[in-house]
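Listing of protein.cif; format and content: mmCIF, C-alpha atoms.
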```cif
data_my_file
loop_
_atom_site.label_atom_id
_atom_site.label_comp_id
_atom_site.auth_asym_id
_atom_site.auth_seq_id
_atom_site.Cartn_x
_atom_site.Cartn_y
_atom_site.Cartn_z
CA MET A 6 -62.57 -66.67 56.52
CA THR A 7 -65.64 -68.86 57.09
CA ASP A 8 -66.68 -69.44 60.70
CA PRO A 9 -68.44 -72.84 60.51
CA GLN A 10 -70.05 -72.55 63.93
CA ARG A 11 -71.53 -69.13 63.19
CA THR A 12 -72.68 -70.34 59.76
CA TYR A 13 -74.52 -73.25 61.36
CA GLU A 14 -76.09 -71.15 64.09
CA LEU A 15 -77.37 -68.55 61.63
CA ASP A 16 -78.70 -71.27 59.35
CA ARG A 17 -80.65 -72.86 62.17
CA LYS A 18 -81.97 -69.49 63.31
CA HIS A 19 -83.00 -68.02 59.97
CA VAL A 20 -82.97 -70.53 57.07
CA PHE A 21 -86.08 -72.53 56.22
CA HIS A 22 -84.99 -75.70 54.38
CA SER A 23 -86.82 -77.46 51.56
CA TRP A 24 -88.38 -80.92 51.93
CA SER A 25 -87.47 -81.00 55.65
CA ALA A 26 -88.96 -81.09 59.13
CA GLN A 27 -87.13 -78.01 60.32
CA ALA A 28 -86.41 -79.06 63.90
CA GLU A 29 -85.08 -82.48 62.90
CA ILE A 30 -82.22 -81.57 60.57
CA THR A 31 -78.53 -80.85 61.14
CA PRO A 32 -77.30 -79.50 57.80
CA MET A 33 -73.66 -80.03 56.89
CA VAL A 34 -71.66 -76.81 56.73
CA VAL A 35 -69.63 -76.83 53.51
CA THR A 36 -66.64 -74.49 53.57
CA LYS A 37 -65.08 -75.19 50.17
CA ALA A 38 -65.24 -77.48 47.16
CA ASP A 39 -62.97 -78.36 44.29
CA GLY A 40 -63.52 -80.77 41.42
CA SER A 41 -65.16 -83.91 42.79
CA TRP A 42 -64.39 -83.10 46.42
CA LEU A 43 -65.79 -80.88 49.16
CA TRP A 44 -64.92 -80.06 52.79
CA ASP A 45 -67.17 -79.66 55.82
CA GLY A 46 -66.84 -77.25 58.72
CA ASP A 47 -64.71 -79.70 60.68
CA GLY A 48 -62.20 -80.00 57.85
CA ASN A 49 -63.34 -83.45 56.73
CA ARG A 50 -62.97 -84.13 53.00
CA TYR A 51 -65.69 -85.96 51.05
CA LEU A 52 -65.82 -87.42 47.56
CA ASP A 53 -69.02 -85.97 46.10
CA PHE A 54 -71.00 -88.88 44.67
CA THR A 55 -74.11 -86.66 44.46
CA SER A 56 -73.07 -83.76 42.22
CA GLN A 57 -75.19 -82.02 44.87
CA LEU A 58 -78.68 -82.47 43.39
CA VAL A 59 -77.12 -84.03 40.28
CA PHE A 60 -76.12 -80.74 38.69
CA THR A 61 -72.39 -80.05 39.14
CA ASN A 62 -71.62 -81.91 35.91
CA LEU A 63 -68.25 -80.19 35.52
CA GLY A 64 -67.47 -80.52 39.21
CA HIS A 65 -67.00 -77.76 41.74
CA GLN A 66 -65.24 -74.46 41.00
CA HIS A 67 -64.38 -75.28 37.39
CA PRO A 68 -61.98 -72.46 36.48
CA ARG A 69 -63.41 -71.80 33.01
CA VAL A 70 -66.95 -71.45 34.30
CA VAL A 71 -65.89 -69.29 37.26
CA LYS A 72 -63.89 -67.05 34.92
CA ALA A 73 -66.82 -66.71 32.49
CA ILE A 74 -69.12 -65.57 35.31
CA GLN A 75 -66.53 -63.07 36.53
CA GLU A 76 -65.96 -61.65 33.05
CA GLN A 77 -69.69 -61.39 32.37
CA ALA A 78 -70.23 -59.63 35.70
CA ALA A 79 -67.62 -57.06 34.72
CA THR A 80 -69.37 -56.47 31.38
CA LEU A 81 -73.13 -56.82 31.93
CA CYS A 82 -74.43 -58.25 35.20
CA THR A 83 -78.09 -58.22 34.28
CA ILE A 84 -80.59 -56.91 31.77
CA ALA A 85 -84.33 -57.36 31.31
CA PRO A 86 -85.23 -60.32 29.05
CA VAL A 87 -86.88 -58.06 26.45
CA ALA A 88 -83.39 -57.02 25.33
CA ALA A 89 -81.05 -59.26 23.37
CA ASN A 90 -77.68 -59.90 24.97
CA ASP A 91 -74.61 -61.75 23.77
CA ALA A 92 -74.50 -64.35 26.54
CA ARG A 93 -78.11 -65.42 26.05
CA SER A 94 -77.86 -65.50 22.25
CA GLU A 95 -74.72 -67.63 22.32
CA ALA A 96 -76.10 -69.94 25.00
CA ALA A 97 -79.24 -70.51 22.90
CA ARG A 98 -77.12 -71.24 19.82
CA LEU A 99 -74.97 -73.76 21.67
CA ILE A 100 -77.96 -75.50 23.26
CA ALA A 101 -79.74 -75.75 19.91
CA SER A 102 -76.59 -77.20 18.34
CA HIS A 103 -76.91 -80.24 20.63
CA THR A 104 -80.67 -80.74 21.04
CA PRO A 105 -82.36 -83.24 18.70
CA GLU A 106 -82.90 -81.97 15.16
CA GLY A 107 -85.59 -79.32 14.80
CA LEU A 108 -85.59 -78.06 18.40
CA ASP A 109 -84.04 -74.75 17.44
CA LYS A 110 -85.81 -72.22 19.65
CA VAL A 111 -85.02 -71.87 23.36
CA PHE A 112 -87.16 -70.27 26.06
CA PHE A 113 -85.06 -69.67 29.18
CA THR A 114 -86.35 -70.20 32.71
CA ASN A 115 -84.80 -70.15 36.17
CA GLY A 116 -84.77 -73.93 36.62
CA GLY A 117 -86.33 -77.27 35.77
CA ALA A 118 -89.68 -76.89 37.52
CA ASP A 119 -90.65 -73.72 35.70
CA ALA A 120 -89.29 -75.19 32.46
CA ASN A 121 -91.81 -78.02 32.82
CA GLU A 122 -94.56 -75.57 33.77
CA HIS A 123 -93.93 -73.52 30.62
CA ALA A 124 -93.63 -76.59 28.39
CA ILE A 125 -97.08 -77.71 29.55
CA ARG A 126 -98.45 -74.21 28.98
CA MET A 127 -97.07 -74.21 25.44
CA ALA A 128 -98.50 -77.66 24.73
CA ARG A 129 -101.96 -76.69 26.01
CA LEU A 130 -102.06 -73.49 23.99
CA HIS A 131 -100.75 -75.25 20.89
CA THR A 132 -103.26 -78.11 21.02
CA GLY A 133 -106.24 -76.43 22.69
CA ARG A 134 -106.40 -79.41 25.05
CA HIS A 135 -105.88 -79.55 28.82
CA LYS A 136 -104.95 -82.98 30.19
CA VAL A 137 -101.33 -84.04 30.69
CA LEU A 138 -100.11 -87.59 31.22
CA SER A 139 -97.02 -88.33 33.33
CA ARG A 140 -95.71 -91.50 34.89
CA TYR A 141 -95.63 -92.78 38.43
CA ARG A 142 -92.09 -92.84 39.83
CA SER A 143 -91.07 -89.50 38.39
CA TYR A 144 -90.08 -86.04 39.55
CA HIS A 145 -90.78 -82.85 37.60
CA GLY A 146 -90.31 -80.03 40.13
CA GLY A 147 -91.70 -78.39 43.23
CA THR A 148 -93.97 -75.66 41.80
CA GLN A 149 -97.73 -76.20 41.74
CA LEU A 150 -98.23 -77.84 38.35
CA ALA A 151 -94.80 -79.51 38.38
CA ILE A 152 -95.42 -81.19 41.74
CA ASN A 153 -98.78 -82.45 40.48
CA LEU A 154 -96.99 -83.89 37.44
CA THR A 155 -94.54 -85.63 39.78
CA GLY A 156 -95.16 -89.31 40.44
CA ASP A 157 -93.51 -89.80 43.82
CA PRO A 158 -94.61 -89.20 47.45
CA ARG A 159 -93.54 -85.56 47.44
CA ARG A 160 -96.68 -84.95 45.40
CA TRP A 161 -99.11 -86.28 47.98
CA PRO A 162 -99.39 -83.31 50.40
CA ASN A 163 -99.67 -80.86 47.49
CA ASP A 164 -101.93 -82.69 45.03
CA HIS A 165 -105.64 -81.87 44.94
CA ALA A 166 -106.19 -83.55 41.58
CA SER A 167 -107.12 -80.19 40.11
CA ASP A 168 -104.41 -79.60 37.51
CA GLY A 169 -105.51 -81.92 34.72
CA VAL A 170 -102.78 -84.50 35.37
CA VAL A 171 -103.25 -88.24 34.85
CA HIS A 172 -100.56 -90.69 35.94
CA PHE A 173 -99.65 -94.01 34.33
CA PHE A 174 -97.11 -96.78 34.88
CA GLY A 175 -93.84 -96.59 32.99
CA PRO A 176 -91.51 -99.52 32.32
CA PHE A 177 -89.53 -100.79 35.32
CA LEU A 178 -88.76 -104.47 34.93
CA TYR A 179 -87.23 -105.00 38.38
CA ARG A 180 -90.51 -103.96 40.00
CA SER A 181 -92.79 -104.58 37.03
CA ALA A 182 -96.42 -103.50 37.22
CA PHE A 183 -97.07 -105.77 34.21
CA HIS A 184 -95.73 -109.13 35.46
CA ALA A 185 -93.15 -109.04 32.70
CA THR A 186 -90.10 -111.29 32.74
CA THR A 187 -88.02 -109.68 29.99
CA GLU A 188 -87.20 -106.15 28.85
CA ALA A 189 -89.08 -106.81 25.60
CA GLU A 190 -92.21 -107.89 27.48
CA GLU A 191 -91.95 -104.90 29.81
CA CYS A 192 -91.69 -102.52 26.87
CA GLU A 193 -94.60 -104.08 24.99
CA ARG A 194 -96.89 -104.21 28.02
CA ALA A 195 -96.00 -100.70 29.23
CA LEU A 196 -96.85 -99.29 25.80
CA ALA A 197 -100.11 -101.27 25.70
CA HIS A 198 -100.99 -99.86 29.14
CA LEU A 199 -100.26 -96.30 28.01
CA GLU A 200 -102.31 -96.81 24.84
CA GLN A 201 -105.24 -97.95 26.98
CA VAL A 202 -104.91 -94.96 29.33
CA ILE A 203 -104.98 -92.63 26.31
CA ALA A 204 -108.08 -94.37 24.95
CA LEU A 205 -109.92 -94.27 28.28
CA GLU A 206 -109.00 -90.65 29.02
CA GLY A 207 -109.98 -89.54 25.51
CA PRO A 208 -107.18 -88.77 23.03
CA GLY A 209 -108.81 -85.49 22.07
CA THR A 210 -108.53 -84.23 25.64
CA ILE A 211 -104.79 -84.85 26.08
CA ALA A 212 -102.38 -82.00 25.37
CA ALA A 213 -99.11 -83.70 26.26
CA ILE A 214 -97.27 -86.68 27.61
CA LEU A 215 -94.40 -85.58 29.86
CA LEU A 216 -91.64 -88.11 30.53
CA GLU A 217 -88.23 -88.00 32.12
CA SER A 218 -86.18 -89.62 29.36
CA ILE A 219 -84.53 -91.56 32.19
CA PRO A 220 -86.27 -91.04 35.55
CA GLY A 221 -83.72 -89.57 37.92
CA THR A 222 -84.61 -89.06 41.58
CA ALA A 223 -87.27 -91.77 41.21
CA GLY A 224 -84.68 -94.47 40.58
CA ILE A 225 -82.68 -94.13 37.32
CA MET A 226 -84.79 -96.69 35.45
CA VAL A 227 -83.34 -96.73 31.93
CA PRO A 228 -86.29 -97.45 29.61
CA PRO A 229 -86.06 -100.60 27.50
CA PRO A 230 -85.09 -100.14 23.85
CA GLY A 231 -88.07 -99.05 21.79
CA TYR A 232 -90.14 -97.63 24.63
CA LEU A 233 -89.60 -93.95 23.89
CA THR A 234 -90.04 -94.72 20.18
CA GLY A 235 -93.39 -96.31 21.01
CA VAL A 236 -94.48 -93.29 23.06
CA ARG A 237 -93.49 -91.04 20.17
CA GLU A 238 -95.68 -93.10 17.82
CA LEU A 239 -98.67 -92.89 20.19
CA CYS A 240 -98.26 -89.12 20.43
CA ASP A 241 -98.06 -88.78 16.64
CA ARG A 242 -101.14 -90.95 16.17
CA HIS A 243 -103.27 -88.83 18.51
CA GLY A 244 -101.86 -85.33 18.01
CA ILE A 245 -100.35 -85.28 21.51
CA VAL A 246 -97.26 -83.20 22.29
CA LEU A 247 -94.32 -85.27 23.57
CA ILE A 248 -92.27 -83.45 26.21
CA ALA A 249 -88.93 -84.94 27.24
CA ASP A 250 -87.85 -83.86 30.71
CA GLU A 251 -84.04 -83.86 30.45
CA VAL A 252 -83.49 -81.69 33.53
CA MET A 253 -81.39 -84.36 35.23
CA ALA A 254 -80.52 -86.79 32.42
CA GLY A 255 -79.47 -84.14 29.91
CA PHE A 256 -76.14 -82.52 29.11
CA GLY A 257 -74.02 -85.65 29.25
CA ARG A 258 -75.28 -87.28 32.44
CA ALA A 259 -76.52 -90.37 30.57
CA GLY A 260 -73.46 -90.66 28.34
CA ARG A 261 -75.12 -88.73 25.51
CA TRP A 262 -75.80 -85.01 25.17
CA PHE A 263 -79.44 -85.92 25.82
CA ALA A 264 -80.85 -89.22 27.03
CA VAL A 265 -83.48 -89.39 24.26
CA GLU A 266 -80.58 -90.13 21.93
CA HIS A 267 -80.41 -93.66 23.37
CA ASP A 268 -83.67 -94.36 21.50
CA ALA A 269 -83.10 -91.84 18.67
CA VAL A 270 -86.33 -90.02 19.57
CA VAL A 271 -87.09 -86.38 18.78
CA PRO A 272 -89.59 -84.87 21.25
CA ASP A 273 -91.71 -81.81 20.45
CA LEU A 274 -90.46 -79.98 23.53
CA LEU A 275 -87.39 -80.70 25.65
CA THR A 276 -86.88 -79.24 29.11
CA PHE A 277 -83.45 -78.77 30.68
CA ALA A 278 -81.65 -77.18 33.63
CA LYS A 279 -79.00 -78.46 36.08
CA GLY A 280 -76.15 -79.62 33.83
CA VAL A 281 -76.61 -76.87 31.24
CA ASN A 282 -74.24 -74.72 33.31
CA SER A 283 -73.31 -77.15 36.12
CA GLY A 284 -75.72 -75.29 38.40
CA TYR A 285 -73.29 -72.43 38.98
CA VAL A 286 -76.08 -69.87 38.44
CA PRO A 287 -79.77 -70.92 38.27
CA LEU A 288 -80.83 -71.63 34.67
CA GLY A 289 -83.34 -73.83 32.88
CA GLY A 290 -85.27 -73.78 29.68
CA VAL A 291 -87.47 -75.30 27.02
CA ALA A 292 -86.20 -76.28 23.57
CA ILE A 293 -89.11 -75.88 21.15
CA ASN A 294 -89.83 -77.40 17.75
CA GLU A 295 -90.80 -75.33 14.72
CA ALA A 296 -94.53 -76.14 14.79
CA ILE A 297 -95.05 -75.12 18.42
CA ALA A 298 -92.83 -72.07 18.09
CA ALA A 299 -94.89 -70.98 15.06
CA THR A 300 -98.05 -71.00 17.22
CA PHE A 301 -96.68 -67.87 18.82
CA ASP A 302 -95.33 -66.12 15.72
CA HIS A 303 -98.26 -63.69 15.64
CA ARG A 304 -99.91 -64.56 18.93
CA PRO A 305 -98.20 -63.43 22.12
CA TYR A 306 -96.92 -66.19 24.35
CA PRO A 307 -98.59 -65.52 27.72
CA GLY A 308 -95.65 -66.18 29.99
CA GLY A 309 -92.28 -64.86 31.04
CA LEU A 310 -89.79 -64.52 33.87
CA THR A 311 -87.89 -61.53 35.19
CA TYR A 312 -84.60 -63.40 34.97
CA SER A 313 -85.22 -65.32 31.73
CA GLY A 314 -81.83 -65.82 30.10
CA HIS A 315 -79.94 -64.00 32.87
CA PRO A 316 -76.51 -62.97 31.52
CA LEU A 317 -74.53 -64.51 34.37
CA ALA A 318 -76.36 -67.81 34.07
CA CYS A 319 -76.03 -67.86 30.29
CA ALA A 320 -72.32 -66.99 30.43
CA ALA A 321 -71.90 -70.01 32.71
CA ALA A 322 -73.82 -72.13 30.18
CA VAL A 323 -71.60 -70.97 27.31
CA ALA A 324 -68.48 -71.86 29.28
CA THR A 325 -69.92 -75.20 30.39
CA ILE A 326 -71.02 -76.35 26.95
CA THR A 327 -67.81 -75.13 25.30
CA THR A 328 -65.76 -77.00 27.90
CA MET A 329 -67.84 -80.13 27.39
CA GLU A 330 -67.20 -79.95 23.64
CA GLU A 331 -63.50 -79.23 23.83
CA ASP A 332 -62.73 -81.66 26.67
CA ARG A 333 -64.99 -84.42 25.28
CA VAL A 334 -66.83 -84.62 28.60
CA VAL A 335 -69.80 -86.55 27.18
CA GLU A 336 -67.50 -89.16 25.72
CA HIS A 337 -65.68 -89.38 29.08
CA ALA A 338 -69.01 -89.90 30.85
CA ALA A 339 -69.97 -92.69 28.45
CA ALA A 340 -66.59 -94.38 28.96
CA LEU A 341 -66.88 -94.13 32.74
CA GLY A 342 -70.24 -95.89 32.54
CA GLU A 343 -68.97 -98.68 30.31
CA GLU A 344 -65.54 -99.20 31.86
CA VAL A 345 -65.82 -98.17 35.51
CA PHE A 346 -69.32 -97.80 36.96
CA GLY A 347 -71.09 -100.61 35.11
CA PRO A 348 -68.46 -103.29 35.86
CA GLY A 349 -67.50 -101.89 39.28
CA LEU A 350 -71.03 -101.67 40.65
CA THR A 351 -71.95 -105.07 39.20
CA GLU A 352 -68.93 -106.55 40.97
CA LEU A 353 -70.10 -104.82 44.15
CA ALA A 354 -73.49 -106.51 43.82
CA GLY A 355 -71.76 -109.86 43.81
CA ARG A 356 -70.37 -109.15 47.28
CA HIS A 357 -73.39 -107.59 49.01
CA ASP A 358 -76.75 -109.32 49.42
CA TRP A 359 -78.39 -105.96 50.03
CA ILE A 360 -77.88 -104.96 46.37
CA GLY A 361 -80.90 -106.26 44.48
CA GLU A 362 -80.21 -104.52 41.19
CA VAL A 363 -77.64 -102.25 39.57
CA ARG A 364 -78.93 -100.06 36.76
CA GLY A 365 -77.81 -97.02 34.86
CA THR A 366 -75.73 -95.57 32.06
CA GLY A 367 -73.02 -92.96 31.73
CA VAL A 368 -72.50 -91.33 35.14
CA PHE A 369 -76.09 -92.04 36.17
CA TRP A 370 -76.45 -95.19 38.31
CA ALA A 371 -78.62 -96.58 41.09
CA LEU A 372 -78.21 -99.42 43.55
CA ASP A 373 -81.64 -100.83 44.47
CA LEU A 374 -81.07 -102.07 48.03
CA VAL A 375 -83.23 -104.91 49.33
CA ALA A 376 -83.73 -106.76 52.58
CA ASP A 377 -84.32 -109.98 50.63
CA ARG A 378 -83.13 -110.65 47.08
CA THR A 379 -85.78 -113.32 46.48
CA THR A 380 -88.79 -111.22 47.46
CA ARG A 381 -87.11 -107.93 46.46
CA GLU A 382 -88.40 -106.34 49.65
CA PRO A 383 -86.90 -102.83 49.70
CA LEU A 384 -84.35 -102.01 52.40
CA ALA A 385 -86.55 -98.99 53.19
CA PRO A 386 -90.26 -98.49 52.46
CA TYR A 387 -91.43 -96.48 49.47
CA GLY A 388 -91.46 -92.86 50.57
CA GLY A 389 -89.48 -93.51 53.74
CA SER A 390 -86.20 -94.61 55.28
CA SER A 391 -85.08 -97.32 57.71
CA PRO A 392 -82.34 -98.05 60.27
CA ALA A 393 -80.53 -100.06 57.60
CA MET A 394 -80.50 -97.17 55.14
CA GLY A 395 -79.45 -94.83 57.92
CA ALA A 396 -76.54 -97.14 58.69
CA VAL A 397 -75.48 -97.18 55.01
CA ILE A 398 -75.52 -93.39 54.78
CA ALA A 399 -73.59 -92.97 58.04
CA ALA A 400 -71.01 -95.55 56.97
CA CYS A 401 -70.53 -93.80 53.61
CA LYS A 402 -69.84 -90.49 55.33
CA ALA A 403 -67.44 -92.15 57.76
CA GLU A 404 -65.55 -93.43 54.71
CA GLY A 405 -65.34 -89.91 53.27
CA LEU A 406 -68.05 -90.47 50.65
CA LEU A 407 -71.03 -88.13 50.23
CA PRO A 408 -73.88 -90.41 49.09
CA PHE A 409 -77.10 -89.63 47.24
CA ALA A 410 -79.78 -91.67 49.00
CA ASN A 411 -83.50 -91.85 48.23
CA PHE A 412 -85.82 -94.34 49.92
CA ASN A 413 -84.09 -97.74 49.47
CA ARG A 414 -81.57 -96.63 46.88
CA ILE A 415 -78.09 -95.23 46.67
CA HIS A 416 -77.53 -93.25 43.47
CA VAL A 417 -74.03 -93.02 42.05
CA VAL A 418 -74.00 -89.63 40.33
CA PRO A 419 -70.65 -87.85 40.72
CA PRO A 420 -69.49 -85.05 38.41
CA LEU A 421 -69.04 -86.13 34.79
CA THR A 422 -65.45 -84.95 35.04
CA ILE A 423 -64.52 -87.33 37.86
CA SER A 424 -61.36 -89.26 37.10
CA ALA A 425 -61.49 -93.03 36.70
CA GLU A 426 -59.18 -93.25 39.71
CA ASP A 427 -61.53 -91.24 41.95
CA ALA A 428 -64.54 -93.13 40.60
CA ARG A 429 -62.94 -96.45 41.57
CA ALA A 430 -61.98 -95.02 44.96
CA GLY A 431 -65.61 -94.02 45.52
CA ILE A 432 -66.83 -97.51 44.62
CA ALA A 433 -64.31 -98.94 47.10
CA MET A 434 -65.61 -96.56 49.79
CA LEU A 435 -69.16 -97.70 49.03
CA ASP A 436 -68.03 -101.32 49.22
CA ARG A 437 -66.59 -100.83 52.70
CA ALA A 438 -69.59 -98.80 53.83
CA LEU A 439 -72.08 -101.49 52.82
CA ALA A 440 -70.07 -104.12 54.66
CA LYS A 441 -69.80 -102.00 57.81
CA ALA A 442 -73.50 -101.10 57.75
CA ALA A 443 -74.54 -104.74 57.41
CA ASP A 444 -72.17 -105.79 60.21
CA SER A 445 -73.43 -103.03 62.51
CA LEU A 446 -77.00 -104.27 62.28
CA VAL A 447 -76.00 -107.85 63.04
CA GLU A 448 -74.03 -106.97 66.16
#
```
What is this file in structure tokens?
Amino acid sequence: MTDPQRTYELDRKHVFHSWSAQAEITPMVVTKADGSWLWDGDGNRYLDFTSQLVFTNLGHQHPRVVKAIQEQAATLCTIAPVAANDARSEAARLIASHTPEGLDKVFFTNGGADANEHAIRMARLHTGRHKVLSRYRSYHGGTQLAINLTGDPRRWPNDHASDGVVHFFGPFLYRSAFHATTEAEECERALAHLEQVIALEGPGTIAAILLESIPGTAGIMVPPPGYLTGVRELCDRHGIVLIADEVMAGFGRAGRWFAVEHDAVVPDLLTFAKGVNSGYVPLGGVAINEAIAATFDHRPYPGGLTYSGHPLACAAAVATITTMEEDRVVEHAAALGEEVFGPGLTELAGRHDWIGEVRGTGVFWALDLVADRTTREPLAPYGGSSPAMGAVIAACKAEGLLPFANFNRIHVVPPLTISAEDARAGIAMLDRALAKAADSLVE
């Protein structure tokens, strides 16, 4: 039986946490989890509106995924990636059956960051070019190249401008860099800006444009209709590889198998992780089109990973994708977005002045919290927090809601399998938390 106090003491003594000032954190001890709920060391129950880091798409302890891992462990725990194995072959087949047409080869990685690293490597070798364009307000991983590709403050301490990365502004009407007043204007001006960046950087020097199909941690900014299509056209015109980062948005999160489907775009490479197996065992990968795959038909691909296509991870992926198909999880996610989260969060905005904008799709939503709706001043500074945001987070937890907070935003990203009843309960908890937080700062 878990001893929460001992767990905490050992964590503080021996565990070095990511993205944290080590002496300033008090990590929650989690003793168990089930479905959309988890319990802390004091026995408190929380509705998980985070899916952890937006990966438990099927919720916690899904019996079919747990059983698949157990059965695979009893058959073949691990094998070097040079050998074919049933779990990896079937996982690749299932993934390719849902990726956009033509992305039929899959290179497996351990997670999203190394998937993006390998996608860039493939694009550079395929084109013979070096530069990569990625947008501000993005996140692509914590490894060296991936963090340089990232367009948020986590990049700053690690970026020496030495990895051939050039950043540009993507569309984000609520905080437009282009002084746009409509989605159509934002789309047109963002594409014109990208076209100019390509021209000024030199089209013949650019290997790839890497985009989160819908930026996740950076704010869940759903691109306006036609934007991804326009990026695809620019890439085609200049021989640039288009890489869609679907690490967070993919596998049903955005109410489609992949978020690029909202604009009917087929990228050249598509990176994934997280939801592919609900994060039960680390797994990521790159789906590759025929032309890029053919580059390495008779030329060795100079890259690999010890655990590429690990049997336990791939068995979890097979069970996850099969469950998603049979239980119509993607359709459920789309319905939740249309019938519960969209209307419910919009109604919430009508009651709380701190909510400047509600945006999202499927089970992928963000509340942009502001100190002033007219000026759109964020409730916390870019790259930081504030007493107001601290009060919101504390009030959520007091309500029994585990929130996903980043800068001035609360993201609503529970498991795709959450029931409509629990989703509405979570919105009600958030409603009460916002009211209590606002009242606490007035008193």
Proximity of range 180-286 of chain A to range 58-68 of chain A: per-residue shortest pair, 6 Å limit, all atoms listed in the file, as JSON lines:
```
{"residue": "A:Lys279", "atom": "CA", "partner": "A:Phe60", "partner_atom": "CA", "distance": 4.5}
{"residue": "A:Gly280", "atom": "CA", "partner": "A:Phe60", "partner_atom": "CA", "distance": 5.0}
{"residue": "A:Ser283", "atom": "CA", "partner": "A:Thr61", "partner_atom": "CA", "distance": 4.3}
{"residue": "A:Gly284", "atom": "CA", "partner": "A:Phe60", "partner_atom": "CA", "distance": 5.5}
```
Interatomic distance, CA of Asp358 in chain A to CA of Asp377 in chain A (Å, one decimal): 7.7 Å
Pairwise distance for CA of Cys240 in chain A and CA of Gly260 in chain A, rounded to one decimal in Å: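 According to the coordinates, CA of Cys240 in chain A and CA of Gly260 in chain A are separated by 26.1 Å.
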One-decimal distance in Å that lies between CA of Val345 in chain A and CA of Asn413 in chain A: 23.0 Å
Pull out every residue that the PyMOL selection byres ((chain A and resi 371) around 8) matches in the shown coordinates and put them as a PDB file with C-alpha atoms, keeping the file's coordinate frame.
```pdb
ATOM      1  CA  GLY A 224     -84.680 -94.470  40.580  1.00  0.00           C
ATOM      2  CA  ILE A 225     -82.680 -94.130  37.320  1.00  0.00           C
ATOM      3  CA  VAL A 363     -77.640-102.250  39.570  1.00  0.00           C
ATOM      4  CA  ARG A 364     -78.930-100.060  36.760  1.00  0.00           C
ATOM      5  CA  GLY A 365     -77.810 -97.020  34.860  1.00  0.00           C
ATOM      6  CA  PHE A 369     -76.090 -92.040  36.170  1.00  0.00           C
ATOM      7  CA  TRP A 370     -76.450 -95.190  38.310  1.00  0.00           C
ATOM      8  CA  LEU A 372     -78.210 -99.420  43.550  1.00  0.00           C
ATOM      9  CA  ASP A 373     -81.640-100.830  44.470  1.00  0.00           C
ATOM     10  CA  ARG A 414     -81.570 -96.630  46.880  1.00  0.00           C
ATOM     11  CA  ILE A 415     -78.090 -95.230  46.670  1.00  0.00           C
ATOM     12  CA  HIS A 416     -77.530 -93.250  43.470  1.00  0.00           C
ATOM     13  CA  VAL A 417     -74.030 -93.020  42.050  1.00  0.00           C
TER      14      VAL A 417
END
```
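Residues surrounding Cys401 in chain A within 10 Å are Tyr51, Leu52, Gly395, Ala396, Val397, Ile398, Ala399, Ala403, Glu404, Gly405, Leu406, Leu407, Pro408, Gly431, Met434, Leu435, Asp436, Arg437, Ala438, Leu439, Lys441 and Ala442 of chain A [only C-alpha atoms; sequence separation below 2 positions excluded].
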Residues returned when the PyMOL selection byres ((chain A and resi 361) around 6) runs on this file, as a ChimeraX atom specification: /A:360,362,373-375,378
Residues from last step as file, C-alpha atoms, as a PDB file, keeping the file's coordinate frame:
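Writing done, so here's out_28.pdb:
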```
ATOM      1  CA  ILE A 360     -77.880-104.960  46.370  1.00  0.00           C
ATOM      2  CA  GLU A 362     -80.210-104.520  41.190  1.00  0.00           C
ATOM      3  CA  ASP A 373     -81.640-100.830  44.470  1.00  0.00           C
ATOM      4  CA  LEU A 374     -81.070-102.070  48.030  1.00  0.00           C
ATOM      5  CA  VAL A 375     -83.230-104.910  49.330  1.00  0.00           C
ATOM      6  CA  ARG A 378     -83.130-110.650  47.080  1.00  0.00           C
TER       7      ARG A 378
END
```
